[in-house]
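Pasting coords.txt here (compact mmCIF, C-alpha atoms):
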# COMPACT_ATOMS: atom_id res chain seq x y z
CA MET B 245 -18.89 -9.39 16.76
CA SER B 246 -15.30 -10.46 17.17
CA GLN B 247 -12.56 -8.01 18.02
CA LEU B 248 -10.99 -8.56 14.61
CA TRP B 249 -14.22 -7.67 12.80
CA PHE B 250 -14.57 -4.54 14.93
CA TRP B 251 -11.11 -3.25 13.97
CA ILE B 252 -11.61 -4.19 10.30
CA LEU B 253 -14.81 -2.13 10.10
CA ALA B 254 -13.27 0.70 12.13
CA GLY B 255 -10.34 0.74 9.70
CA CYS B 256 -12.71 0.87 6.72
CA ALA B 257 -14.65 3.76 8.26
CA ALA B 258 -11.44 5.64 9.05
CA ALA B 259 -10.09 5.09 5.53
CA TYR B 260 -13.26 6.51 3.94
CA ALA B 261 -13.37 9.43 6.37
CA ILE B 262 -9.78 10.36 5.50
CA LYS B 263 -10.51 10.22 1.76
CA MET B 264 -13.63 12.35 2.22
CA LEU B 265 -11.72 14.83 4.37
CA GLY B 266 -9.74 15.87 1.30
CA PHE B 267 -12.98 16.71 -0.52
CA LEU B 268 -14.50 18.63 2.40
CA VAL B 269 -11.88 20.75 4.10
CA PRO B 270 -10.94 24.13 2.63
CA GLU B 271 -8.04 23.76 0.23
CA LYS B 272 -5.82 26.09 2.24
CA ILE B 273 -5.48 23.65 5.13
CA LEU B 274 -4.26 20.67 3.16
CA GLU B 275 -2.33 22.78 0.68
CA ASN B 276 -0.04 23.70 3.55
CA GLU B 277 3.39 22.44 2.43
CA LYS B 278 4.26 21.04 5.84
CA VAL B 279 1.14 18.88 5.90
CA THR B 280 1.72 17.60 2.37
CA ARG B 281 5.34 16.82 3.13
CA ALA B 282 4.46 15.04 6.38
CA ALA B 283 1.89 12.90 4.54
CA GLY B 284 4.46 11.93 1.90
CA ALA B 285 7.22 11.18 4.41
CA LEU B 286 4.77 9.19 6.53
CA THR B 287 3.91 6.99 3.56
CA ILE B 288 7.59 6.29 2.85
CA GLY B 289 8.43 5.63 6.51
CA LEU B 290 5.49 3.26 7.02
CA LEU B 291 6.20 1.23 3.89
CA ALA B 292 9.92 0.97 4.78
CA SER B 293 9.00 -0.18 8.27
CA LEU B 294 6.43 -2.70 7.01
CA THR B 295 9.02 -4.10 4.60
CA MET B 296 11.50 -4.55 7.45
CA VAL B 297 9.00 -6.04 9.90
CA ASN B 298 7.89 -8.60 7.35
CA THR B 299 11.51 -9.44 6.52
CA VAL B 300 13.11 -9.87 9.96
CA ALA B 301 10.52 -9.79 12.75
CA ASN B 302 9.67 -12.98 14.51
CA GLY B 303 7.31 -11.86 17.24
CA THR B 304 9.54 -9.61 19.33
CA SER B 305 12.84 -11.02 18.11
CA VAL B 306 14.85 -10.32 14.98
CA SER B 307 15.75 -13.32 12.84
CA PHE B 308 17.44 -13.65 9.49
CA ASP B 309 15.89 -16.43 7.44
CA ALA B 310 14.54 -17.23 3.98
CA ARG B 311 12.67 -13.90 3.93
CA ILE B 312 16.01 -12.11 3.39
CA GLY B 313 16.25 -14.03 0.13
CA ALA B 314 12.76 -12.79 -0.77
CA LEU B 315 13.85 -9.18 -0.14
CA VAL B 316 16.92 -9.58 -2.36
CA ALA B 317 14.95 -11.31 -5.12
CA ALA B 318 12.27 -8.61 -5.06
CA ALA B 319 14.88 -5.84 -5.21
CA ILE B 320 16.51 -7.50 -8.22
CA ALA B 321 13.13 -7.87 -9.94
CA LEU B 322 12.38 -4.18 -9.29
CA LEU B 323 15.79 -3.15 -10.64
CA LEU B 324 15.00 -5.16 -13.78
CA ARG B 325 11.70 -3.22 -14.04
CA ALA B 326 9.51 -6.26 -13.62
CA PRO B 327 5.76 -5.66 -13.17
CA PHE B 328 4.29 -5.80 -9.66
CA LEU B 329 2.95 -9.34 -9.81
CA VAL B 330 6.29 -10.69 -11.05
CA VAL B 331 8.04 -8.95 -8.13
CA VAL B 332 5.71 -10.67 -5.66
CA ILE B 333 6.15 -14.06 -7.32
CA ALA B 334 9.95 -13.60 -7.27
CA GLY B 335 9.78 -12.93 -3.52
CA ALA B 336 7.62 -15.98 -2.85
CA GLY B 337 9.74 -18.18 -5.11
CA ALA B 338 12.99 -17.17 -3.44
CA ALA B 339 11.64 -17.84 0.06
CA ALA B 340 10.12 -21.17 -0.97
CA LEU B 341 13.31 -22.26 -2.75
CA LEU B 342 15.57 -21.35 0.18
CA ARG B 343 13.32 -23.32 2.55
CA TRP B 344 13.20 -26.27 0.20
CA ILE B 345 16.99 -26.50 0.17
CA GLY B 346 16.87 -26.33 3.95
CA TRP B 347 17.72 -22.74 4.93
CA GLY B 348 15.47 -20.59 7.12
CA MET R 264 -11.08 4.83 -26.76
CA THR R 265 -9.32 7.99 -25.65
CA PRO R 266 -5.76 7.77 -24.28
CA ALA R 267 -6.92 8.32 -20.69
CA THR R 268 -9.49 5.51 -20.99
CA LYS R 269 -6.84 3.16 -22.37
CA ILE R 270 -4.35 3.98 -19.63
CA GLY R 271 -7.06 3.71 -16.98
CA LEU R 272 -8.11 0.27 -18.21
CA SER R 273 -4.60 -1.14 -18.45
CA ILE R 274 -3.85 0.14 -14.96
CA ALA R 275 -7.12 -1.35 -13.70
CA VAL R 276 -6.22 -4.82 -14.99
CA ALA R 277 -2.60 -4.74 -13.75
CA THR R 278 -3.55 -3.42 -10.33
CA GLY R 279 -6.52 -5.75 -10.06
CA LEU R 280 -4.30 -8.78 -10.64
CA TYR R 281 -2.15 -7.61 -7.75
CA ALA R 282 -5.12 -8.32 -5.46
CA ILE R 283 -4.48 -12.05 -5.93
CA SER R 284 -1.41 -11.68 -3.73
CA TYR R 285 -3.35 -9.54 -1.25
CA GLY R 286 -6.14 -12.11 -0.96
CA ALA R 287 -3.76 -15.04 -0.54
CA LEU R 288 -1.68 -13.19 2.07
CA GLY R 289 -4.83 -12.14 3.90
CA VAL R 290 -6.01 -15.68 4.56
CA ALA R 291 -2.42 -16.76 5.33
CA ALA R 292 -2.40 -14.02 8.01
CA GLY R 293 -5.47 -15.62 9.60
CA LEU R 294 -8.37 -13.56 8.23
CA ASN R 295 -11.27 -15.42 6.64
CA VAL R 296 -12.46 -14.86 3.07
CA PHE R 297 -15.22 -12.45 4.22
CA GLN R 298 -12.84 -10.34 6.28
CA VAL R 299 -10.31 -10.18 3.45
CA SER R 300 -13.09 -9.15 1.06
CA ALA R 301 -14.58 -6.60 3.46
CA LEU R 302 -11.28 -4.73 3.43
CA SER R 303 -11.22 -4.67 -0.38
CA LEU R 304 -14.85 -3.56 -0.66
CA LEU R 305 -14.88 -0.97 2.11
CA MET R 306 -11.32 0.11 2.90
CA PHE R 307 -10.22 -0.05 -0.75
CA THR R 308 -6.75 1.39 -0.50
CA GLY R 309 -4.19 -1.29 -1.24
CA GLY R 310 -1.29 -0.11 0.89
CA SER R 311 -3.49 0.11 3.99
CA GLN R 312 -4.99 -3.32 3.32
CA PHE R 313 -1.52 -4.85 3.02
CA ALA R 314 -0.52 -2.99 6.19
CA PHE R 315 -3.51 -4.36 8.11
CA ILE R 316 -2.84 -7.99 7.21
CA GLY R 317 0.94 -7.47 7.48
CA VAL R 318 0.66 -6.43 11.13
CA ILE R 319 -1.67 -9.36 11.91
CA ALA R 320 0.69 -11.79 10.13
CA GLY R 321 3.56 -10.49 12.27
CA GLY R 322 1.67 -11.28 15.46
CA GLY R 323 0.38 -7.76 16.12
CA GLY R 324 -3.09 -7.13 17.53
CA PRO R 325 -6.00 -5.83 15.43
CA GLY R 326 -5.73 -2.43 17.14
CA ALA R 327 -2.14 -2.01 15.94
CA ALA R 328 -3.22 -3.22 12.49
CA PHE R 329 -5.90 -0.52 12.48
CA GLY R 330 -3.30 2.10 13.45
CA ALA R 331 -0.86 1.15 10.71
CA ALA R 332 -3.59 0.94 8.05
CA THR R 333 -5.13 4.28 9.03
CA LEU R 334 -1.82 6.15 9.10
CA LEU R 335 -0.87 4.74 5.72
CA GLY R 336 -4.18 6.08 4.39
CA VAL R 337 -3.44 9.66 5.43
CA ARG R 338 -1.99 10.51 2.01
CA ASN R 339 -5.47 9.89 0.52
CA ALA R 340 -6.64 13.14 2.14
CA VAL R 341 -4.08 15.02 0.06
CA TYR R 342 -5.20 13.09 -3.03
CA GLY R 343 -8.82 13.94 -2.27
CA MET R 344 -8.02 17.62 -2.29
CA GLN R 345 -6.21 17.30 -5.63
CA ILE R 346 -9.07 15.38 -7.23
CA LYS R 347 -11.61 17.85 -5.91
CA SER R 348 -9.84 20.74 -7.61
CA MET R 349 -9.21 18.67 -10.75
CA ILE R 350 -12.62 17.14 -11.53
CA ARG R 351 -15.00 18.88 -9.06
CA PRO R 352 -17.52 16.04 -8.53
CA LYS R 353 -21.00 17.08 -7.32
CA GLY R 354 -23.62 15.40 -5.13
CA TRP R 355 -23.53 11.62 -4.88
CA ARG R 356 -20.65 11.54 -7.34
CA LYS R 357 -18.54 13.14 -4.64
CA LEU R 358 -19.27 10.20 -2.32
CA ALA R 359 -18.22 7.73 -5.01
CA ALA R 360 -15.19 9.79 -6.04
CA ALA R 361 -13.90 9.79 -2.46
CA HIS R 362 -14.10 6.00 -2.27
CA VAL R 363 -12.04 5.48 -5.44
CA THR R 364 -9.48 8.18 -4.59
CA ILE R 365 -6.34 6.04 -4.43
CA ASP R 366 -2.74 6.17 -5.71
CA GLU R 367 -3.58 4.74 -9.12
CA SER R 368 -6.67 6.80 -9.99
CA VAL R 369 -4.94 10.01 -8.90
CA ALA R 370 -1.80 9.14 -10.87
CA THR R 371 -3.89 8.39 -13.97
CA ALA R 372 -5.83 11.66 -13.71
CA SER R 373 -2.83 13.85 -13.02
CA GLY R 374 -0.95 12.26 -15.91
CA GLN R 375 -3.46 13.94 -18.24
CA VAL R 376 -3.54 17.59 -19.29
CA ASP R 377 -7.02 18.03 -20.79
CA PRO R 378 -9.67 18.38 -18.00
CA ALA R 379 -12.12 15.99 -19.76
CA GLU R 380 -9.34 13.41 -20.05
CA GLN R 381 -8.39 13.90 -16.39
CA LYS R 382 -11.98 13.17 -15.46
CA ARG R 383 -12.15 10.08 -17.70
CA GLY R 384 -8.80 8.78 -16.44
CA PHE R 385 -9.84 9.15 -12.83
CA TRP R 386 -13.18 7.38 -13.19
CA VAL R 387 -12.01 4.59 -15.51
CA ALA R 388 -8.99 3.79 -13.34
CA GLY R 389 -10.86 4.21 -10.05
CA LEU R 390 -13.99 2.22 -10.91
CA GLY R 391 -12.07 -0.29 -13.04
CA ILE R 392 -9.64 -1.06 -10.24
CA TYR R 393 -12.54 -1.33 -7.79
CA VAL R 394 -14.17 -4.05 -9.89
CA PHE R 395 -10.99 -6.02 -10.69
CA TRP R 396 -9.48 -5.54 -7.22
CA ASN R 397 -12.53 -7.07 -5.55
CA ILE R 398 -12.86 -9.97 -7.99
CA PHE R 399 -9.20 -10.92 -7.68
CA THR R 400 -9.25 -10.49 -3.90
CA VAL R 401 -11.75 -13.35 -3.73
CA VAL R 402 -9.72 -15.41 -6.21
CA GLY R 403 -6.57 -14.86 -4.14
CA ALA R 404 -8.31 -15.64 -0.86
CA LEU R 405 -9.75 -18.92 -2.18
CA LEU R 406 -6.35 -19.77 -3.68
CA GLY R 407 -4.65 -19.02 -0.36
CA ASP R 408 -7.17 -21.22 1.43
CA ALA R 409 -6.40 -24.09 -0.94
CA LEU R 410 -2.62 -23.75 -0.73
CA GLY R 411 -2.22 -25.14 2.77
CA ASP R 412 1.04 -24.27 4.54
CA PRO R 413 1.73 -20.66 3.48
CA LYS R 414 5.40 -20.83 4.40
CA ALA R 415 6.13 -23.78 2.12
CA TRP R 416 4.90 -21.59 -0.77
CA GLY R 417 6.98 -18.65 0.38
CA LEU R 418 3.93 -16.47 1.03
CA ASP R 419 5.78 -14.65 3.80
CA GLY R 420 8.38 -13.81 1.16
CA ALA R 421 5.58 -12.56 -1.08
CA ALA R 422 4.57 -10.09 1.64
CA VAL R 423 8.14 -8.78 1.85
CA ALA R 424 8.20 -8.30 -1.93
CA ALA R 425 4.77 -6.64 -1.91
CA PHE R 426 5.82 -3.97 0.58
CA LEU R 427 9.12 -3.34 -1.21
CA GLY R 428 7.16 -3.00 -4.46
CA LEU R 429 4.86 -0.40 -2.88
CA LEU R 430 7.84 1.53 -1.49
CA TRP R 431 10.11 1.36 -4.55
CA PRO R 432 8.43 3.89 -6.91
CA ARG R 433 8.45 6.50 -4.14
CA LEU R 434 12.24 6.42 -3.77
CA LYS R 435 12.89 8.95 -6.49
CA SER R 436 15.53 11.11 -4.82
CA ALA R 437 17.98 11.19 -1.90
CA GLU R 438 15.57 12.33 0.81
CA PRO R 439 13.00 9.53 0.43
CA VAL R 440 15.86 7.02 0.48
CA ALA R 441 17.18 8.60 3.69
CA ILE R 442 13.73 8.51 5.30
CA ALA R 443 13.24 4.88 4.29
CA THR R 444 16.68 3.86 5.59
CA VAL R 445 16.29 5.59 8.96
CA CYS R 446 12.79 4.14 9.43
CA ALA R 447 13.98 0.64 8.49
CA LEU R 448 16.82 0.86 11.02
CA ALA R 449 14.57 2.31 13.72
CA THR R 450 12.16 -0.57 13.13
CA ILE R 451 14.86 -3.23 13.61
CA LEU R 452 16.09 -1.48 16.76
CA VAL R 453 12.69 -1.37 18.45
CA ILE R 454 11.36 -4.82 17.40
CA PRO R 455 12.81 -6.48 20.55
CA LEU R 456 11.65 -3.64 22.82
CA VAL R 457 7.93 -3.18 22.06
CA PRO R 458 4.92 -5.42 21.24
CA PRO R 459 4.48 -6.63 17.64
CA GLY R 460 2.89 -4.00 15.40
CA VAL R 461 4.21 -1.07 17.42
CA PRO R 462 7.57 -0.73 15.56
CA ILE R 463 5.55 0.41 12.52
CA LEU R 464 3.93 3.16 14.58
CA VAL R 465 7.36 4.26 15.83
CA ALA R 466 8.46 4.61 12.20
CA ALA R 467 5.29 6.61 11.53
CA VAL R 468 6.21 9.13 14.20
CA VAL R 469 9.83 9.40 13.00
CA SER R 470 8.88 9.95 9.35
CA GLY R 471 5.91 12.21 10.09
CA VAL R 472 8.04 14.55 12.22
CA TRP R 473 10.84 14.40 9.64
CA GLY R 474 8.45 15.43 6.88
CA TYR R 475 6.79 18.16 8.92
CA LEU R 476 10.09 19.78 9.93
CA GLY R 477 11.89 19.04 6.65
CA ARG R 478 12.52 21.36 3.76
CA GLY R 479 12.49 19.07 0.72
CA PRO R 480 9.92 19.23 -2.10
CA ALA R 481 6.37 18.77 -0.83
CA GLN R 482 5.29 15.99 -3.17
CA GLU R 483 7.83 13.33 -2.22
CA GLY R 484 6.21 10.02 -1.37
CA LEU R 485 2.89 11.06 -2.91
CA GLU R 486 1.49 10.02 -6.24
CA PRO R 487 3.87 7.30 -7.30
CA ASP R 488 3.39 5.60 -10.62
CA ILE R 489 1.31 2.55 -9.95
CA GLU R 490 3.15 -0.27 -11.52
CA PRO R 491 6.68 0.53 -10.33
CA HIS R 492 7.71 1.58 -13.83
CA ALA R 493 4.46 2.50 -15.53
CA GLY R 494 5.51 6.15 -15.52
CA GLU R 495 7.11 5.93 -18.93
CA ARG R 496 3.97 4.74 -20.62
CA GLY R 497 1.41 6.25 -18.26
CA LYS R 498 2.47 9.88 -18.54
CA PRO R 499 2.06 12.01 -21.64
Please, can you express the file's structure as structure tokens?
Amino acid sequence: MSQLWFWILAGCAAAYAIKMLGFLVPEKILENEKVTRAAGALTIGLLASLTMVNTVANGTSVSFDARIGALVAAAIALLLRAPFLVVVIAGAGAAALLRWIGWG
Amino acid sequence: MTPATKIGLSIAVATGLYAISYGALGVAAGLNVFQVSALSLLMFTGGSQFAFIGVIAGGGGPGAAFGAATLLGVRNAVYGMQIKSMIRPKGWRKLAAAHVTIDESVATASGQVDPAEQKRGFWVAGLGIYVFWNIFTVVGALLGDALGDPKAWGLDGAAVAAFLGLLWPRLKSAEPVAIATVCALATILVIPLVPPGVPILVAAVVSGVWGYLGRGPAQEGLEPDIEPHAGERGKP
């Protein structure tokens, strides 16, 4: 089994175990406000970081290219209350267009 | 059809279609169709799946991808507790309920007031999304395979938009915006200093500690409306 397959299956097992944890542990533990707040903040922080990494990371260097255009286009689509799929298509379209005209 | 069934179905279709972009991005990141599908069948929590392929696409190792995906799934434990107290599944149903405990099914259930409707909303959204999500994952993966050069189609831009779309509905007040901004800046700062994939884990530590020590409302970042703006029609 390849390394990639191993981590995929490990990730699947971990994801299910975490979901099940909520059904198994006594409510008092997870109802703790600090734990709930940490879980919420963690979700926000991870998604913000993933957005940034996918926008500017190029291995271990930071580069500003057509993906910036995708970020702006997606933000505009979200401000205009577009559905999810339209937001994604706007991002792809902006990046493709900017590359086609020769930038990034 | 009851209101909860209707909402659950419409959310299932909309969310399921979103899997087209996940599937296409997955193969663009270098996973094969079976690996992309395995994540949809077995991991089945969209944010974590996007995180896994997002780290790989950025040059990170599978271990870092596992870390990012697992941490992003932590909120599902809180959801599990909420669903347990809301619909109290028994026996094998508990095993199935855990698997379909995700943002969308929890949001659908908690948008209802009547316990029977909560139950219906949870199962229709959860199982419906499971079916559509897996079908459209395969469609997206095959499409991505056929596209050729992912960059020419702007697929890396699609990934950026996908993550912003997942983040957006959670930015409902000043504190989430502050957390997101600080984590974004911390990420840019550490990208040149650590191996690919690790900046995301740095942001996880920053935001986790922030949340644990913070004083804001406990629900921030949890239970967003699924489609960024479905709240208006999804809630009673």
Residue hits in chain B, query chain R, radius 7 Å, all atoms listed in the file, as number ranges by chain: B: 248, 251-252, 255-256, 258-260, 262-267, 271, 274, 277-296, 298-299, 301-306, 311, 314-315, 318, 325, 327-329, 331-333, 335-337, 339-340
Test item: axis-aligned box, all listed atoms of stretch 297-316 of chain B, 6 Å on each side, centre and edges in Å rounded to one decimal, as lines of an AutoDock Vina configuration file:
center_x = 12.4
center_y = -11.6
center_z = 8.5
size_x = 22.1
size_y = 23.2
size_z = 33.7
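You will find atom CA of R:Thr400 at 7.9 Å from atom CA of R:Ala287.
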Close residues, B:Gly348 itself excluded, 8 Å, only C-alpha atoms, min 6 positions apart in chain, as number ranges by chain: B: 308-311, 342
Okay, now the selection with C-alpha atoms, as a short mmCIF file (atom, residue, chain, number, x, y, z; two decimals), keeping the file's coordinate frame?
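Contents of the output file part-v2.cif:
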data_model
loop_
_atom_site.label_atom_id
_atom_site.label_comp_id
_atom_site.auth_asym_id
_atom_site.auth_seq_id
_atom_site.Cartn_x
_atom_site.Cartn_y
_atom_site.Cartn_z
CA PHE B 308 17.44 -13.65 9.49
CA ASP B 309 15.89 -16.43 7.44
CA ALA B 310 14.54 -17.23 3.98
CA ARG B 311 12.67 -13.90 3.93
CA LEU B 342 15.57 -21.35 0.18
#
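The two atoms in question, atom CA of R:Ala409 and atom CA of B:Gly313, are spaced 24.8 Å apart.
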